[in-house]
Every structure is written in structure tokens, then in C-alpha cells.
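Data from final_25.txt: compact mmCIF, C-alpha atoms (C1' of nucleotides)
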```
# COMPACT_ATOMS: atom_id res chain seq x y z
CA MET Q 1 21.69 135.49 -45.29
CA GLY Q 2 21.32 135.91 -41.56
CA GLN Q 3 18.17 137.85 -42.22
CA LEU Q 4 16.75 135.09 -44.40
CA MET Q 5 17.50 132.51 -41.73
CA GLY Q 6 15.87 134.65 -39.12
CA ARG Q 7 12.74 135.22 -41.14
CA ALA Q 8 12.39 131.58 -42.15
CA ARG Q 9 12.76 130.46 -38.58
CA ALA Q 10 10.45 133.21 -37.35
CA SER Q 11 7.83 132.15 -39.87
CA LEU Q 12 8.08 128.59 -38.65
CA LEU Q 13 7.99 129.42 -34.96
CA ASN Q 14 5.40 132.16 -35.17
CA SER Q 15 3.09 129.90 -37.14
CA LEU Q 16 3.59 127.13 -34.63
CA ASP Q 17 3.09 129.45 -31.68
CA ALA Q 18 -0.08 130.79 -33.24
CA GLU Q 19 -1.41 127.27 -33.74
CA LEU Q 20 -0.46 126.20 -30.23
CA GLU Q 21 -2.05 129.24 -28.67
CA ARG Q 22 -5.42 127.55 -28.33
CA PHE Q 23 -3.72 124.96 -26.13
CA GLY Q 24 -2.14 127.69 -24.02
CA LEU Q 25 1.31 126.51 -25.04
CA ASN Q 26 4.18 127.61 -27.23
CA SER Q 27 6.79 125.97 -29.39
CA ALA Q 28 9.49 125.83 -26.71
CA GLN Q 29 7.17 124.00 -24.36
CA LEU Q 30 6.22 121.57 -27.09
CA THR Q 31 9.88 120.82 -27.67
CA VAL Q 32 10.31 119.96 -24.01
CA LEU Q 33 7.27 117.70 -23.96
CA LYS Q 34 8.46 115.98 -27.10
CA HIS Q 35 11.88 115.22 -25.64
CA LEU Q 36 10.34 113.85 -22.48
CA ALA Q 37 7.94 111.65 -24.40
CA GLU Q 38 10.70 110.28 -26.57
CA GLY Q 39 12.82 109.54 -23.55
CA SER Q 40 15.71 111.50 -25.03
CA ALA Q 41 15.84 113.58 -21.84
CA ARG Q 42 15.04 112.57 -18.29
CA THR Q 43 16.25 115.57 -16.28
CA ALA Q 44 16.37 119.33 -16.56
CA ALA Q 45 20.11 119.20 -17.20
CA ASP Q 46 19.53 116.84 -20.13
CA LEU Q 47 17.08 119.27 -21.66
CA CYS Q 48 19.45 122.19 -21.16
CA ARG Q 49 22.30 120.42 -22.89
CA GLN Q 50 20.26 119.22 -25.83
CA HIS Q 51 18.28 122.39 -26.24
CA ARG Q 52 21.17 124.72 -25.37
CA TYR Q 53 19.03 126.34 -22.78
CA ASP Q 54 19.85 128.20 -19.61
CA THR Q 55 19.33 126.14 -16.46
CA GLY Q 56 17.50 128.93 -14.69
CA ALA Q 57 15.16 129.42 -17.61
CA MET Q 58 14.56 125.69 -17.72
CA THR Q 59 13.62 125.61 -14.06
CA ARG Q 60 11.01 128.26 -14.66
CA MET Q 61 9.74 126.63 -17.84
CA LEU Q 62 9.28 123.38 -15.92
CA ASP Q 63 7.50 125.36 -13.22
CA ARG Q 64 5.01 126.50 -15.81
CA LEU Q 65 4.56 123.07 -17.34
CA GLU Q 66 4.10 121.54 -13.90
CA LYS Q 67 1.59 124.18 -12.92
CA ARG Q 68 -0.42 123.36 -16.03
CA GLY Q 69 -0.41 119.72 -15.10
CA LEU Q 70 1.58 118.52 -18.11
CA VAL Q 71 4.79 117.46 -16.37
CA ARG Q 72 5.64 115.83 -13.04
CA ARG Q 73 8.81 116.29 -11.05
CA GLU Q 74 10.18 113.59 -8.81
CA ARG Q 75 13.38 113.75 -6.81
CA GLY Q 76 15.86 111.06 -7.90
CA ARG Q 77 16.39 108.28 -5.38
CA GLU Q 78 19.84 107.10 -6.38
CA ASP Q 79 21.26 110.53 -7.19
CA ARG Q 80 19.39 112.91 -4.97
CA ARG Q 81 20.60 115.99 -6.84
CA VAL Q 82 18.60 115.31 -9.96
CA VAL Q 83 14.90 115.82 -10.48
CA LEU Q 84 13.45 113.20 -12.77
CA LEU Q 85 10.88 114.49 -15.21
CA ARG Q 86 7.88 112.62 -16.53
CA LEU Q 87 4.89 113.49 -18.61
CA ALA Q 88 1.78 113.79 -16.48
CA PRO Q 89 -1.29 111.93 -17.74
CA GLN Q 90 -2.76 115.13 -19.08
CA GLY Q 91 0.43 115.83 -20.99
CA ARG Q 92 0.49 112.34 -22.38
CA THR Q 93 -3.08 112.74 -23.57
CA LEU Q 94 -2.48 116.12 -25.14
CA LEU Q 95 0.84 115.47 -26.81
CA PRO Q 96 -0.37 113.62 -29.94
CA ARG Q 97 -2.54 116.55 -30.89
CA LEU Q 98 0.32 118.97 -30.32
CA LEU Q 99 2.67 116.90 -32.45
CA ALA Q 100 0.08 116.77 -35.21
CA VAL Q 101 -0.09 120.55 -35.17
CA GLY Q 102 3.69 120.77 -35.34
CA ALA Q 103 3.90 118.38 -38.25
CA ARG Q 104 1.23 120.31 -40.08
CA VAL Q 105 3.09 123.59 -39.69
CA VAL Q 106 6.38 122.13 -40.86
CA ASP Q 107 4.75 120.39 -43.80
CA ALA Q 108 3.04 123.61 -44.80
CA HIS Q 109 6.32 125.46 -44.82
CA LEU Q 110 7.93 122.74 -46.88
CA GLY Q 111 5.09 122.65 -49.37
CA GLY Q 112 6.47 122.25 -52.87
CA PHE Q 113 9.75 120.84 -51.65
CA SER Q 114 10.90 117.53 -53.09
CA THR Q 115 12.37 114.90 -50.81
CA ALA Q 116 15.77 115.63 -52.26
CA GLU Q 117 15.41 119.34 -51.56
CA ILE Q 118 14.43 118.72 -47.96
CA GLY Q 119 17.48 116.51 -47.57
CA ALA Q 120 19.71 119.14 -49.13
CA LEU Q 121 18.32 121.85 -46.86
CA LYS Q 122 18.95 119.76 -43.77
CA ASP Q 123 22.44 118.99 -45.01
CA TYR Q 124 23.20 122.68 -45.51
CA LEU Q 125 21.96 123.57 -42.06
CA ARG Q 126 24.01 120.83 -40.44
CA ARG Q 127 27.11 121.97 -42.26
CA MET Q 128 26.54 125.54 -41.14
CA ILE Q 129 26.22 124.40 -37.55
CA GLU Q 130 29.38 122.36 -37.85
CA ASN Q 131 31.28 125.25 -39.38
CA GLY Q 132 30.15 127.45 -36.53
CA GLN Q 133 31.29 124.98 -33.92
CA ASP Q 134 34.64 124.59 -35.62
CA ARG Q 135 35.43 128.23 -36.10
CA PHE Q 136 33.70 129.90 -33.20
CA PRO Q 137 34.07 127.43 -30.36
CA GLY Q 138 32.02 128.30 -27.34
CA SER Q 139 29.63 130.58 -29.14
CA SER Q 140 26.85 128.09 -29.42
CA SER Q 141 28.42 124.71 -29.00
CA GLY Q 142 27.83 122.46 -26.11
CA SER Q 143 28.94 118.89 -25.58
CA MET T 144 13.71 120.66 -38.91
CA GLY T 145 12.71 123.52 -36.67
CA GLN T 146 15.46 122.52 -34.32
CA LEU T 147 18.04 122.53 -37.12
CA MET T 148 16.92 125.96 -38.24
CA GLY T 149 17.13 127.21 -34.71
CA ARG T 150 20.58 125.86 -34.12
CA ALA T 151 21.94 127.10 -37.44
CA ARG T 152 20.60 130.54 -36.78
CA ALA T 153 21.80 130.47 -33.19
CA SER T 154 25.26 129.50 -34.34
CA LEU T 155 25.28 132.40 -36.76
CA LEU T 156 23.95 134.95 -34.31
CA ASN T 157 25.91 133.76 -31.30
CA SER T 158 29.13 133.85 -33.28
CA LEU T 159 28.31 137.32 -34.52
CA ASP T 160 27.35 138.53 -31.06
CA ALA T 161 30.59 137.14 -29.65
CA GLU T 162 32.61 138.94 -32.32
CA LEU T 163 30.72 142.19 -31.84
CA GLU T 164 31.13 142.10 -28.09
CA ARG T 165 34.43 143.97 -28.22
CA PHE T 166 32.56 146.85 -29.85
CA GLY T 167 29.90 146.72 -27.14
CA LEU T 168 27.26 145.88 -29.72
CA ASN T 169 25.17 142.92 -30.82
CA SER T 170 23.79 141.57 -34.05
CA ALA T 171 20.41 143.27 -33.78
CA GLN T 172 22.06 146.65 -33.41
CA LEU T 173 24.31 145.96 -36.37
CA THR T 174 21.26 145.18 -38.46
CA VAL T 175 19.77 148.53 -37.56
CA LEU T 176 22.95 150.42 -38.38
CA LYS T 177 23.23 148.58 -41.69
CA HIS T 178 19.72 149.50 -42.74
CA LEU T 179 20.29 153.13 -41.84
CA ALA T 180 23.55 153.25 -43.77
CA GLU T 181 21.96 151.71 -46.84
CA GLY T 182 19.09 154.15 -46.70
CA SER T 183 16.62 151.28 -46.74
CA ALA T 184 15.05 152.69 -43.58
CA ARG T 185 14.73 156.27 -42.45
CA THR T 186 12.40 156.01 -39.45
CA ALA T 187 11.72 153.69 -36.54
CA ALA T 188 8.53 152.51 -38.19
CA ASP T 189 10.49 151.54 -41.31
CA LEU T 190 12.85 149.45 -39.23
CA CYS T 191 9.98 147.77 -37.40
CA ARG T 192 8.26 146.77 -40.61
CA GLN T 193 11.37 145.45 -42.29
CA HIS T 194 12.77 143.78 -39.22
CA ARG T 195 9.40 142.64 -37.87
CA TYR T 196 10.15 144.28 -34.61
CA ASP T 197 7.98 145.68 -31.89
CA THR T 198 7.76 149.47 -31.93
CA GLY T 199 8.35 149.74 -28.21
CA ALA T 200 11.41 147.54 -28.40
CA MET T 201 12.68 149.62 -31.31
CA THR T 202 12.31 152.82 -29.34
CA ARG T 203 14.45 151.40 -26.59
CA MET T 204 17.00 149.95 -28.99
CA LEU T 205 17.35 153.38 -30.59
CA ASP T 206 17.72 154.86 -27.12
CA ARG T 207 20.71 152.62 -26.59
CA LEU T 208 22.25 153.35 -29.96
CA GLU T 209 21.75 157.07 -29.45
CA LYS T 210 23.28 156.93 -26.00
CA ARG T 211 26.36 155.28 -27.48
CA GLY T 212 26.65 158.03 -30.03
CA LEU T 213 26.05 155.84 -33.07
CA VAL T 214 22.69 157.20 -34.17
CA ARG T 215 21.05 160.61 -34.20
CA ARG T 216 17.36 161.35 -33.92
CA GLU T 217 15.79 164.36 -35.53
CA ARG T 218 12.13 165.30 -35.56
CA GLY T 219 10.73 165.35 -39.08
CA ARG T 220 9.88 168.81 -40.37
CA GLU T 221 7.28 167.94 -42.97
CA ASP T 222 5.66 165.13 -41.00
CA ARG T 223 6.13 166.00 -37.38
CA ARG T 224 5.08 162.56 -36.14
CA VAL T 225 8.14 160.79 -37.47
CA VAL T 226 11.62 160.85 -36.05
CA LEU T 227 14.21 160.73 -38.79
CA LEU T 228 17.19 158.54 -38.07
CA ARG T 229 20.74 159.10 -39.22
CA LEU T 230 24.05 157.53 -38.51
CA ALA T 231 26.13 159.72 -36.23
CA PRO T 232 29.72 160.34 -37.36
CA GLN T 233 30.98 157.80 -34.87
CA GLY T 234 28.57 155.21 -36.25
CA ARG T 235 29.60 156.01 -39.79
CA THR T 236 33.22 155.51 -38.85
CA LEU T 237 32.63 152.27 -37.03
CA LEU T 238 30.25 150.60 -39.45
CA PRO T 239 32.75 149.31 -42.03
CA ARG T 240 34.58 147.37 -39.37
CA LEU T 241 31.32 145.94 -38.07
CA LEU T 242 30.25 144.88 -41.54
CA ALA T 243 33.61 143.22 -42.09
CA VAL T 244 33.09 141.21 -38.92
CA GLY T 245 29.62 140.21 -40.10
CA ALA T 246 30.86 139.11 -43.49
CA ARG T 247 33.61 137.10 -41.87
CA VAL T 248 31.17 135.23 -39.64
CA VAL T 249 28.81 134.45 -42.49
CA ASP T 250 31.65 133.33 -44.73
CA ALA T 251 32.97 131.08 -42.00
CA HIS T 252 29.60 129.43 -41.59
CA LEU T 253 29.33 128.94 -45.34
CA GLY T 254 32.82 127.49 -45.61
CA GLY T 255 32.85 124.61 -48.06
CA PHE T 256 29.67 125.76 -49.75
CA SER T 257 29.72 126.17 -53.50
CA THR T 258 28.09 129.18 -55.08
CA ALA T 259 25.31 126.93 -56.32
CA GLU T 260 24.72 125.56 -52.85
CA ILE T 261 24.50 129.01 -51.35
CA GLY T 262 21.99 129.95 -54.02
CA ALA T 263 19.97 126.82 -53.34
CA LEU T 264 19.95 127.47 -49.60
CA LYS T 265 18.72 131.00 -50.08
CA ASP T 266 16.08 129.75 -52.48
CA TYR T 267 14.85 127.19 -49.97
CA LEU T 268 14.64 129.76 -47.21
CA ARG T 269 12.72 132.17 -49.39
CA ARG T 270 10.27 129.47 -50.37
CA MET T 271 9.73 128.54 -46.74
CA ILE T 272 9.02 132.15 -45.87
CA GLU T 273 6.61 132.44 -48.76
CA ASN T 274 4.83 129.24 -47.76
CA GLY T 275 4.46 130.58 -44.25
CA GLN T 276 3.01 133.85 -45.44
CA ASP T 277 0.58 132.06 -47.70
CA ARG T 278 -0.67 129.51 -45.24
CA PHE T 279 -0.38 131.28 -41.91
CA PRO T 280 -1.23 134.89 -42.69
CA GLY T 281 -0.59 137.22 -39.81
CA SER T 282 1.82 134.94 -38.00
CA SER T 283 4.95 136.60 -39.23
CA SER T 284 4.03 138.38 -42.40
CA GLY T 285 3.92 142.06 -42.83
CA SER T 286 3.61 144.13 -45.96
C1' DG D 287 38.12 109.84 6.13
C1' DC D 288 38.60 114.42 4.80
C1' DT D 289 39.06 118.02 1.61
C1' DT D 290 38.30 119.77 -2.83
C1' DA D 291 36.02 119.92 -7.20
C1' DT D 292 31.99 119.01 -10.04
C1' DT D 293 27.19 118.46 -11.03
C1' DT D 294 22.23 119.66 -10.36
C1' DG D 295 18.66 122.50 -9.44
C1' DT D 296 17.06 126.85 -7.67
C1' DT D 297 16.69 131.91 -7.01
C1' DG D 298 17.71 136.97 -7.66
C1' DC D 299 18.98 140.36 -10.84
C1' DC D 300 19.26 142.41 -15.38
C1' DA D 301 18.32 142.84 -20.43
C1' DA D 302 15.20 142.82 -23.99
C1' DG D 303 10.97 141.78 -26.71
C1' DG D 304 5.60 141.70 -26.92
C1' DC D 305 1.37 143.95 -25.82
C1' DA D 306 -1.67 147.62 -24.48
C1' DG D 307 -2.51 152.22 -23.78
C1' DT D 308 -1.42 157.27 -24.82
C1' DA D 309 -0.23 161.83 -26.95
C1' DA D 310 0.84 164.21 -31.09
C1' DT D 311 0.23 164.60 -35.72
C1' DA D 312 -1.66 163.53 -40.25
C1' DT D 313 -5.25 161.97 -43.42
C1' DC D 314 -9.79 161.01 -45.05
C1' DG D 315 -14.96 161.74 -45.40
C1' DC D 316 -18.26 164.93 -45.40
C1' DG E 317 -13.63 173.44 -41.44
C1' DC E 318 -14.63 169.43 -38.42
C1' DG E 319 -14.90 164.89 -36.64
C1' DA E 320 -13.44 160.09 -37.19
C1' DT E 321 -9.67 157.18 -38.26
C1' DA E 322 -4.83 156.06 -38.93
C1' DT E 323 0.04 156.52 -38.14
C1' DT E 324 4.15 157.42 -35.37
C1' DA E 325 6.68 157.31 -31.41
C1' DC E 326 6.81 156.59 -26.69
C1' DT E 327 5.87 154.55 -21.97
C1' DG E 328 4.38 150.99 -18.39
C1' DC E 329 3.61 146.20 -17.49
C1' DC E 330 4.50 141.44 -18.23
C1' DT E 331 7.02 137.45 -19.82
C1' DT E 332 11.14 135.18 -20.51
C1' DG E 333 16.07 134.12 -21.41
C1' DG E 334 21.08 134.81 -19.76
C1' DC E 335 24.24 135.30 -15.97
C1' DA E 336 25.87 134.91 -11.34
C1' DA E 337 25.57 133.24 -6.82
C1' DC E 338 23.98 129.63 -3.93
C1' DA E 339 22.83 125.06 -1.39
C1' DA E 340 22.65 120.17 -1.71
C1' DA E 341 24.57 116.17 -3.23
C1' DT E 342 28.01 113.49 -5.49
C1' DA E 343 32.68 112.36 -7.30
C1' DA E 344 37.64 112.68 -7.20
C1' DG E 345 42.33 113.22 -4.98
C1' DC E 346 45.14 112.05 -1.53
```
Write the structure described by the file as C-alpha cells, please.
Amino acid sequence: MGQLMGRARASLLNSLDAELERFGLNSAQLTVLKHLAEGSARTAADLCRQHRYDTGAMTRMLDRLEKRGLVRRERGREDRRVVLLRLAPQGRTLLPRLLAVGARVVDAHLGGFSTAEIGALKDYLRRMIENGQDRFPGSSSGS
Amino acid sequence: MGQLMGRARASLLNSLDAELERFGLNSAQLTVLKHLAEGSARTAADLCRQHRYDTGAMTRMLDRLEKRGLVRRERGREDRRVVLLRLAPQGRTLLPRLLAVGARVVDAHLGGFSTAEIGALKDYLRRMIENGQDRFPGSSSGS
DNA sequence: GCTTATTTGTTGCCAAGGCAGTAATATCGC
DNA sequence: GCGATATTACTGCCTTGGCAACAAATAAGC
């Protein structure tokens, strides 16, 4: 079971990484850009909590995204600890194409799935996550 | 969807890693030991193909397992390129307990699942893997 | 107001995988 | 038999995530 999960996820991510390679990006970076565009995260700490990511790793990932001109950092004025994150113009321009690639990869992997099956799969995954949080607190849970 | 898959797998693996910590091992190492015990892999190259693992990383993982006295290496006599792998006595003794831990973690994550649901989940995952191999050859496929 | 605790971001260190290159051996073509 | 190619394992180099320690800033306790 664990092996199946790993291979399914690897197939998804490897395909996505391969498709994103021509943009010089990978799936983790796309996830960050997506969250910023949606407004579901405004700071590095937000991203770490949602993505269950190490803060040090996030700092360096943002370094890379900033260096490529896709993200801008700006020190917060009210709370001067935080660094507010925004998509740079180049990132905003590029993002739609990246999201299209992502949707294509996911759709391809779900080819032949009915709507009901997709719903069931998501339900199963959510229940597994919940079981894990209940029975192994701290292993992968966050807020 | 990709995020759900990632979190479900992370919950599984993080829980397993946490449980295996008291043995000084992790889930990847358990996978290797399991394959060796089952006889489904006899060499490093076997493990790499089945596990989709880098050969260099596998060499170093086997170094660690050998250093801990769980695995033995032996140069092949007929084909002197290969290094035959065997469980060391200590590994053979320890493995049942490790497998019990693994089964417990998986069972916990599948708590509340009916047999039919488990079958459906596995079916979905297999179909996703197959879709990925069909439509993104080379990304994560092997033999 | 002052001290303590908490949050945020950063950096150094380590672990581990991916990739490229290499040596030893084996296999195939001829 | 001999050369070209492939396979196996191994070794550096690089990237990247996790952890711990840290400084700056804020919040909480009193």
C-alpha cells in the first residue's frame, strides 16, 4: 500500500517536474506560486504551515524564486518581523501557463476516472490523513 | 489532488519513520530489508529498478545497512560485477518486529475502511500509475 | 516599564537523493 | 579472439530538505 502511494505520487510529481523543466521550475515551486496567487498565503510562515515545509528550506526556496524574478519580498510595515510575499510581474505572467501544465498532468493521470471515482479517491485520501493525525499526533500534523 | 496524495503519503511515511526511530531505521531501509527477505531482489540493481532509486543512493543506503549489521554484501561468483545481498542474522531477527510496526501503521491509516474500499483505493492508485506510464513515458516508469 | 515567552525569518550543519563519470566485468557482433 | 557496447557498483559533486541555533521584533505576565 505504501509502495503504491509512493509510486502514484512519484508518477504525478515526476511527470509534472518533467513538464515544468522547460520553464526551469519544479512542482514545489509551482505550489508556492499557486498559493501566493490565490492569496491563501502571504508570508513564508503561512506557506510552511500549509505546505508542512521547513522554514529554512522555505527561505532558500524563496531565494531561488526571487532570483528568477518570479516573487518579490517586502518587509512588513506593521509587523516588522514578517516578510510579505507577492508575485512579481514575470511570475504573474507565467503562472497561467504553469497551471495549465499542472492541470494537464493531473487530468492525464485521472484519465478513465469517473467523477464519482475521483470523489471517492479524494475521500479515501482525506480519511487516511485524518487517521494519521488522530493516531500518530505530531508525525505529520500541523495546526 | 497532488497535495492530497502528498499529504496522505507523508502521513503514512512520517508515522512509520517515527515508529521505526527507536530501531534507528527509517521506512526506506525497511523497504529494502523487506525486499531482501522476500527474495524479490538479490542485488543493488534489482532494488534500484523496483524501488526506482538512484544507484549511487542505493550504494550509500547499503553502506549504512551493512554498517549496522543488518545486511551482508558478497561478490557474485558467476557474475563478478554484481554484489549479492543477504540479510545478516541480526537483520533476520529484527525484521519481523519491523514488519509488525509497518502493518500497524498501515492498518491505523486504513481504520474505518471496508475491504471493498481498500480494494478500490488500490485500484485507483494502480490506474493512476498506469496512466502516468502511458502518457509520460520516462518520467517515472521503468521496466 | 521591564522581563519573559513567542513568532518570524535567516544561516550553518548534516543527511540523503539525483546526476555524471569511472573501473571492472560481461555480452554481442564479427 | 577482439573490439564495441552494456551492465553493475561505486565515487564526487550538486541540490535540497530537516534540525538547531540565532537575531529581530512582537506579545504576554506582572
Spatial neighbours of Gln50 (chain Q), 10 Å, only C-alpha atoms (C1' of nucleotides), chain gap at least 2 places, as a PDB file with C-alpha atoms, in the frame of the given file:
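Contents of result-v7.pdb, freshly written:
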```pdb
ATOM      1  CA  HIS Q  35      11.880 115.220 -25.640  1.00  0.00           C
ATOM      2  CA  SER Q  40      15.710 111.500 -25.030  1.00  0.00           C
ATOM      3  CA  ALA Q  41      15.840 113.580 -21.840  1.00  0.00           C
ATOM      4  CA  ALA Q  45      20.110 119.200 -17.200  1.00  0.00           C
ATOM      5  CA  ASP Q  46      19.530 116.840 -20.130  1.00  0.00           C
ATOM      6  CA  LEU Q  47      17.080 119.270 -21.660  1.00  0.00           C
ATOM      7  CA  CYS Q  48      19.450 122.190 -21.160  1.00  0.00           C
ATOM      8  CA  ARG Q  52      21.170 124.720 -25.370  1.00  0.00           C
ATOM      9  CA  TYR Q  53      19.030 126.340 -22.780  1.00  0.00           C
ATOM     10  CA  GLY Q 142      27.830 122.460 -26.110  1.00  0.00           C
ATOM     11  CA  SER Q 143      28.940 118.890 -25.580  1.00  0.00           C
TER      12      SER Q 143
END
```
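One finds CA of Ala180 (chain T) at 20.7 Å from CA of Gly6 (chain Q).
Coordinates place CA of Leu228 (chain T) at a distance of 5.8 Å from CA of Arg215 (chain T).
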Next on the checklist: What's the separation between CA of Phe136 (chain Q) and CA of Leu156 (chain T), in Å to one decimal place?
Outcome noted: 11.0 Å
Next on the checklist: Residues of chain D within 12 Å of chain Q, counting all atoms listed in the file - could you list those as a count of residues only?
Outcome noted: 6
Checklist entry - Contacts of DA291 (chain D) at 10 Å or less, counting all atoms listed in the file, minus same-chain residues fewer than 3 places along, as number ranges by chain? => result E: 343-345
For chain Q against chain T, with a cut-off of 10 Å and counting all atoms listed in the file, what is the closest atom pair and its distance in Å to one decimal for every residue that makes the cut, ordered by chain and number, as a Markdown table?
```
| residue | atom | partner | partner_atom | distance |
| --- | --- | --- | --- | --- |
| Q:Met1 | CA | T:Lys265 | CA | 7.2 |
| Q:Gly2 | CA | T:Leu155 | CA | 7.1 |
| Q:Gln3 | CA | T:His194 | CA | 8.6 |
| Q:Leu4 | CA | T:Leu268 | CA | 6.4 |
| Q:Met5 | CA | T:Arg152 | CA | 6.2 |
| Q:Gly6 | CA | T:Arg152 | CA | 6.7 |
| Q:Arg7 | CA | T:Ile272 | CA | 6.8 |
| Q:Ala8 | CA | T:Ile272 | CA | 5.1 |
| Q:Arg9 | CA | T:Met148 | CA | 6.1 |
| Q:Ala10 | CA | T:Ser283 | CA | 6.7 |
| Q:Ser11 | CA | T:Ser283 | CA | 5.3 |
| Q:Leu12 | CA | T:Gly275 | CA | 7.0 |
| Q:Leu13 | CA | T:Gly145 | CA | 7.7 |
| Q:Asn14 | CA | T:Ser282 | CA | 5.3 |
| Q:Ser15 | CA | T:Ser282 | CA | 5.3 |
| Q:Leu16 | CA | T:Ser282 | CA | 8.7 |
| Q:Asp17 | CA | T:Ser282 | CA | 8.5 |
| Q:Ala18 | CA | T:Ser282 | CA | 6.6 |
| Q:Glu19 | CA | T:Phe279 | CA | 9.2 |
| Q:Ser27 | CA | T:Gly145 | CA | 9.7 |
| Q:Thr31 | CA | T:Gln146 | CA | 8.8 |
| Q:His51 | CA | T:Gln146 | CA | 8.6 |
| Q:Arg52 | CA | T:Arg150 | CA | 8.8 |
| Q:Gly102 | CA | T:Gly145 | CA | 9.5 |
| Q:Val105 | CA | T:Gly275 | CA | 8.5 |
| Q:Val106 | CA | T:Gly145 | CA | 7.7 |
| Q:Asp107 | CA | T:Asn274 | CA | 9.7 |
| Q:Ala108 | CA | T:Asn274 | CA | 6.6 |
| Q:His109 | CA | T:Met271 | CA | 5.0 |
| Q:Leu110 | CA | T:Met271 | CA | 6.1 |
| Q:Gly111 | CA | T:Asn274 | CA | 6.8 |
| Q:Gly112 | CA | T:Arg270 | CA | 8.5 |
| Q:Phe113 | CA | T:Tyr267 | CA | 8.3 |
| Q:Glu117 | CA | T:Tyr267 | CA | 8.0 |
| Q:Ile118 | CA | T:Tyr267 | CA | 8.7 |
| Q:Ala120 | CA | T:Leu264 | CA | 8.3 |
| Q:Leu121 | CA | T:Leu264 | CA | 6.5 |
| Q:Lys122 | CA | T:Met144 | CA | 7.2 |
| Q:Asp123 | CA | T:Leu147 | CA | 9.7 |
| Q:Tyr124 | CA | T:Leu264 | CA | 7.1 |
| Q:Leu125 | CA | T:Ala151 | CA | 5.8 |
| Q:Arg126 | CA | T:Leu147 | CA | 7.0 |
| Q:Arg127 | CA | T:His252 | CA | 7.9 |
| Q:Met128 | CA | T:His252 | CA | 5.0 |
| Q:Ile129 | CA | T:Ala151 | CA | 5.1 |
| Q:Glu130 | CA | T:His252 | CA | 8.0 |
| Q:Asn131 | CA | T:His252 | CA | 5.0 |
| Q:Gly132 | CA | T:His252 | CA | 5.5 |
| Q:Gln133 | CA | T:Ser154 | CA | 7.5 |
| Q:Asp134 | CA | T:His252 | CA | 9.2 |
| Q:Arg135 | CA | T:Ala251 | CA | 7.0 |
| Q:Phe136 | CA | T:Ser158 | CA | 6.0 |
| Q:Pro137 | CA | T:Ser158 | CA | 8.6 |
| Q:Gly138 | CA | T:Ser158 | CA | 8.6 |
| Q:Ser139 | CA | T:Ser158 | CA | 5.3 |
| Q:Ser140 | CA | T:Ser154 | CA | 5.4 |
| Q:Ser141 | CA | T:Ser154 | CA | 7.8 |
```
Checklist entry - What are the residues of chain E that have an atom within 8 Å of an atom of chain T, counting all atoms listed in the file, as an NGL selection string? => result :E and (324-326)
Item to check | Counting all atoms listed in the file, the residue of Q:Ala103, Q:Ala57, Q:Arg49, Q:Gly39 that sits nearest DG334 (chain E) | outcome: Q:Ala57
Item to check | Nearest-residue call for DT327 (chain E), choices D:DC314, D:DC300, D:DC288, D:DA306, using all atoms listed in the file | outcome: D:DA306
